[in-house]
Amino acid sequence: MPEANDRTHVYLGVHVRGPVTVVRERAKTLLEPNDLVFCDPARRHLLQFGEDCQMIFFRVPRCYLGVTESELNQVLGVPVRGGEGLGALTSDFLTALAAKAEFRRSTIGDRRARTAVHLLSVLVMELLDADTTDEADDASGAVNEMLSRIHGYIEEHLMDPGLSPESIARAHHISVRYLQKLFQNDGSTVSQWVRQRRLEFCRLELGRSNRRITMAAVAHRWGFSSPSHFSRTFRGAYGMSPSEWQALATSAFAPPAPGAQDERRR
């Protein structure tokens, strides 16, 4: 724990391992890995540490949280579960941030730190059971901005057969768990989103009337592991095989056969 004479900051602890108990208003709560708790060095009694335990502490200026001192006192020592909701997003983001030492003295590190402060301010408001105000908008905007960057990255690497949740998370310096949470809140999964975008480009390419291209070539170009896997996935999404779609789409734009126009005039 930091020194007790720091009155300008509040500390947010992320539980890593070992027995840590939060004592608040005579109630004791055992923290689980990834759980969070706001704490004050002057109130060390709020936390009880067992043997071989580890927590990560983040120092946050009190003025950045946008609440009064009395409101802040209401959230000190309140456990936040790190396996669901905003607690999970915050825990994963902070854990990933702490794991990258190079962020601590860099421009991107400053941006991620500001995002972390936005998340924490919204977390405080949620704990106070208040309406989400401008801080929530800022946090939501930060999360949406990250998701937009991830979408752009996926679009650029759709042809890479090695594109995976692990490679996407690694490229954005976040955990796979946090990446999955971002897509879950958006109503999808990473794999589903990648597969759908690949299928859409495959359907577009197969439907071009100006040239014929084999199903196997299209499947390989857009990162599918095999033509058979591509065919099953395509049929499951669109209700027809790739070859059936290609025939249907190209015939719609094909020029009429000789004599067909005269036949229609009769």
# chains A, B, ... in the order shown; residues from 1 in each chain; ligands from 1
>>> select_by_dssp(residues="region 24-207 of chain A", states="strand (DSSP E)", output="PyMOL selection string")
chain A and resi 24+27-30+36-39+47-49+54-61
>>> residues_around(residues="Ile150 (chain A)", least_positions_apart="5", cutoff="10 Å", atoms="only C-alpha atoms", output="tab-separated table (two decimals) with all heavy atoms, in the first residue's frame")
chain	number	residue	atom	x	y	z
A	144	ASN	N	-15.97	3.04	-27.78
A	144	ASN	CA	-16.39	2.99	-29.18
A	144	ASN	C	-15.24	3.30	-30.13
A	144	ASN	O	-15.15	2.72	-31.21
A	144	ASN	CB	-17.54	3.97	-29.42
A	144	ASN	CG	-18.83	3.53	-28.77
A	144	ASN	OD1	-19.02	2.35	-28.50
A	144	ASN	ND2	-19.71	4.48	-28.49
A	145	GLU	N	-14.38	4.23	-29.72
A	145	GLU	CA	-13.24	4.57	-30.55
A	145	GLU	C	-12.30	3.38	-30.69
A	145	GLU	O	-11.80	3.08	-31.77
A	145	GLU	CB	-12.49	5.76	-29.94
A	145	GLU	CG	-11.28	6.19	-30.76
A	145	GLU	CD	-10.51	7.32	-30.10
A	145	GLU	OE1	-10.99	7.85	-29.07
A	145	GLU	OE2	-9.42	7.65	-30.60
A	155	GLU	N	-10.58	-5.23	-41.02
A	155	GLU	CA	-10.83	-5.03	-42.44
A	155	GLU	C	-9.52	-5.10	-43.24
A	155	GLU	O	-9.48	-5.67	-44.33
A	155	GLU	CB	-11.51	-3.68	-42.67
A	155	GLU	CG	-12.92	-3.58	-42.11
A	155	GLU	CD	-13.95	-4.29	-42.97
A	155	GLU	OE1	-13.76	-4.36	-44.19
A	155	GLU	OE2	-14.92	-4.79	-42.40
A	156	GLU	N	-8.46	-4.53	-42.69
A	156	GLU	CA	-7.17	-4.50	-43.38
A	156	GLU	C	-6.50	-5.87	-43.43
A	156	GLU	O	-5.63	-6.11	-44.28
A	156	GLU	CB	-6.23	-3.50	-42.70
A	156	GLU	CG	-6.67	-2.06	-42.82
A	156	GLU	CD	-5.76	-1.12	-42.05
A	156	GLU	OE1	-4.77	-1.61	-41.47
A	156	GLU	OE2	-6.04	0.08	-42.02
A	168	ILE	N	-5.41	-10.12	-32.95
A	168	ILE	CA	-6.07	-8.81	-32.90
A	168	ILE	C	-5.80	-8.15	-31.55
A	168	ILE	O	-5.48	-6.96	-31.47
A	168	ILE	CB	-7.57	-8.96	-33.15
A	168	ILE	CG1	-7.82	-9.50	-34.56
A	168	ILE	CG2	-8.29	-7.63	-32.97
A	168	ILE	CD1	-9.26	-9.94	-34.80
A	169	ALA	N	-5.96	-8.91	-30.47
A	169	ALA	CA	-5.71	-8.37	-29.13
A	169	ALA	C	-4.26	-7.94	-28.97
A	169	ALA	O	-3.97	-6.88	-28.41
A	169	ALA	CB	-6.08	-9.41	-28.07
A	171	ALA	N	-2.19	-6.95	-31.29
A	171	ALA	CA	-1.92	-5.74	-32.08
A	171	ALA	C	-2.43	-4.48	-31.39
A	171	ALA	O	-1.92	-3.38	-31.66
A	171	ALA	CB	-2.56	-5.88	-33.46
A	172	HIS	N	-3.40	-4.61	-30.50
A	172	HIS	CA	-3.98	-3.44	-29.83
A	172	HIS	C	-3.59	-3.38	-28.35
A	172	HIS	O	-4.14	-2.56	-27.60
A	172	HIS	CB	-5.50	-3.44	-29.98
A	172	HIS	CG	-5.95	-3.21	-31.39
A	172	HIS	ND1	-6.02	-4.22	-32.33
A	172	HIS	CD2	-6.33	-2.08	-32.05
A	172	HIS	CE1	-6.43	-3.72	-33.50
A	172	HIS	NE2	-6.62	-2.43	-33.34
A	179	LEU	N	-11.03	-7.89	-25.34
A	179	LEU	CA	-11.48	-7.83	-26.74
A	179	LEU	C	-12.84	-8.50	-26.89
A	179	LEU	O	-13.74	-7.96	-27.54
A	179	LEU	CB	-10.44	-8.51	-27.64
A	179	LEU	CG	-10.80	-8.63	-29.12
A	179	LEU	CD1	-10.81	-7.27	-29.78
A	179	LEU	CD2	-9.81	-9.56	-29.83
A	182	LEU	N	-15.63	-6.31	-25.56
A	182	LEU	CA	-16.00	-5.22	-26.46
A	182	LEU	C	-17.01	-5.69	-27.50
A	182	LEU	O	-18.01	-5.02	-27.77
A	182	LEU	CB	-14.75	-4.67	-27.15
A	182	LEU	CG	-13.78	-3.84	-26.30
A	182	LEU	CD1	-12.54	-3.51	-27.11
A	182	LEU	CD2	-14.43	-2.56	-25.81
A	190	VAL	N	-15.86	-11.84	-31.67
A	190	VAL	CA	-14.79	-11.50	-32.62
A	190	VAL	C	-14.84	-12.42	-33.83
A	190	VAL	O	-14.80	-11.98	-34.98
A	190	VAL	CB	-13.41	-11.57	-31.94
A	190	VAL	CG1	-12.32	-11.16	-32.91
A	190	VAL	CG2	-13.37	-10.71	-30.69
>>> select_by_dssp(residues="region 115-235 of chain A", states="alpha helix (DSSP H)", output="ChimeraX atom specification")
/A:115-127,134-156,165-171,176-185,190-206,215-221,227-235
>>> closest_atom_pairs(of="region 118-224 of chain A", to="region 107-112 of chain A", cutoff="12 Å", atoms="only C-alpha atoms", output="CSV")
residue,atom,partner,partner_atom,distance
A:His118,CA,A:Arg112,CA,9.8
A:Leu119,CA,A:Arg112,CA,10.5
A:Ala139,CA,A:Arg112,CA,11.4
A:Ala142,CA,A:Arg112,CA,9.2
A:Val143,CA,A:Arg112,CA,10.8
A:Glu145,CA,A:Arg112,CA,11.7
A:Met146,CA,A:Arg112,CA,10.3
A:His172,CA,A:Ile108,CA,11.0
A:His173,CA,A:Arg112,CA,10.5
A:Ile174,CA,A:Arg112,CA,10.8
>>> write_last_selection(atoms="N, CA and C atoms", output="short mmCIF file (atom, residue, chain, number, x, y, z; two decimals), in the first residue's frame")
data_model
loop_
_atom_site.label_atom_id
_atom_site.label_comp_id
_atom_site.auth_asym_id
_atom_site.auth_seq_id
_atom_site.Cartn_x
_atom_site.Cartn_y
_atom_site.Cartn_z
N HIS A 118 -11.50 7.89 -17.50
CA HIS A 118 -12.91 7.96 -17.90
C HIS A 118 -13.67 6.73 -17.39
N LEU A 119 -13.09 5.56 -17.56
CA LEU A 119 -13.75 4.34 -17.09
C LEU A 119 -13.96 4.37 -15.58
N ALA A 139 -16.45 7.87 -21.45
CA ALA A 139 -16.01 6.48 -21.38
C ALA A 139 -16.57 5.68 -22.54
N ALA A 142 -14.70 6.51 -25.62
CA ALA A 142 -13.38 5.89 -25.65
C ALA A 142 -13.47 4.43 -26.06
N VAL A 143 -14.47 3.72 -25.50
CA VAL A 143 -14.66 2.32 -25.85
C VAL A 143 -15.06 2.18 -27.32
N GLU A 145 -14.38 4.23 -29.72
CA GLU A 145 -13.24 4.57 -30.55
C GLU A 145 -12.30 3.38 -30.69
N MET A 146 -12.08 2.67 -29.59
CA MET A 146 -11.22 1.48 -29.65
C MET A 146 -11.84 0.41 -30.52
N HIS A 172 -3.40 -4.61 -30.50
CA HIS A 172 -3.98 -3.44 -29.83
C HIS A 172 -3.59 -3.38 -28.35
N HIS A 173 -2.68 -4.25 -27.94
CA HIS A 173 -2.14 -4.22 -26.58
C HIS A 173 -3.23 -4.36 -25.52
N ILE A 174 -4.18 -5.25 -25.79
CA ILE A 174 -5.23 -5.53 -24.83
C ILE A 174 -5.33 -7.04 -24.67
#
>>> atom_distance(atom1="CA of Gln192 (chain A)", atom2="CA of Thr233 (chain A)")
11.1 Å
>>> atom_distance(atom1="CA of Ser121 (chain A)", atom2="CA of Asp35 (chain A)")
16.7 Å
>>> residues_around(residues="Val67 (chain A)", least_positions_apart="5", cutoff="9 Å", atoms="only C-alpha atoms", output="number ranges by chain")
A: 62, 72, 121, 124-125
>>> write_last_selection(atoms="N, CA and C atoms", output="compact mmCIF listing (two decimals), in the first residue's frame")
# COMPACT_ATOMS: atom_id res chain seq x y z
N ARG A 62 -7.92 12.61 -7.19
CA ARG A 62 -9.32 12.65 -6.78
C ARG A 62 -10.14 13.62 -7.63
N LEU A 72 -17.15 10.34 -2.78
CA LEU A 72 -16.01 9.44 -2.89
C LEU A 72 -15.92 8.52 -1.67
N SER A 121 -14.20 7.00 -13.65
CA SER A 121 -15.20 7.99 -13.27
C SER A 121 -16.61 7.44 -13.47
N VAL A 124 -17.32 4.95 -10.68
CA VAL A 124 -17.71 5.63 -9.44
C VAL A 124 -19.18 6.02 -9.50
N MET A 125 -19.61 6.60 -10.63
CA MET A 125 -21.00 7.01 -10.76
C MET A 125 -21.94 5.81 -10.68
>>> closest_residue(among="A:Thr115, A:Asn34, A:Thr29, A:Thr90", to="Val78 (chain A)", atoms="only C-alpha atoms")
A:Thr29
>>> atom_distance(atom1="CA of Phe234 (chain A)", atom2="CA of Asn185 (chain A)")
25.6 Å
>>> closest_residue(among="A:Arg195, A:Cys39, A:Val176, A:Gln184", to="Met159 (chain A)", atoms="only C-alpha atoms")
A:Arg195
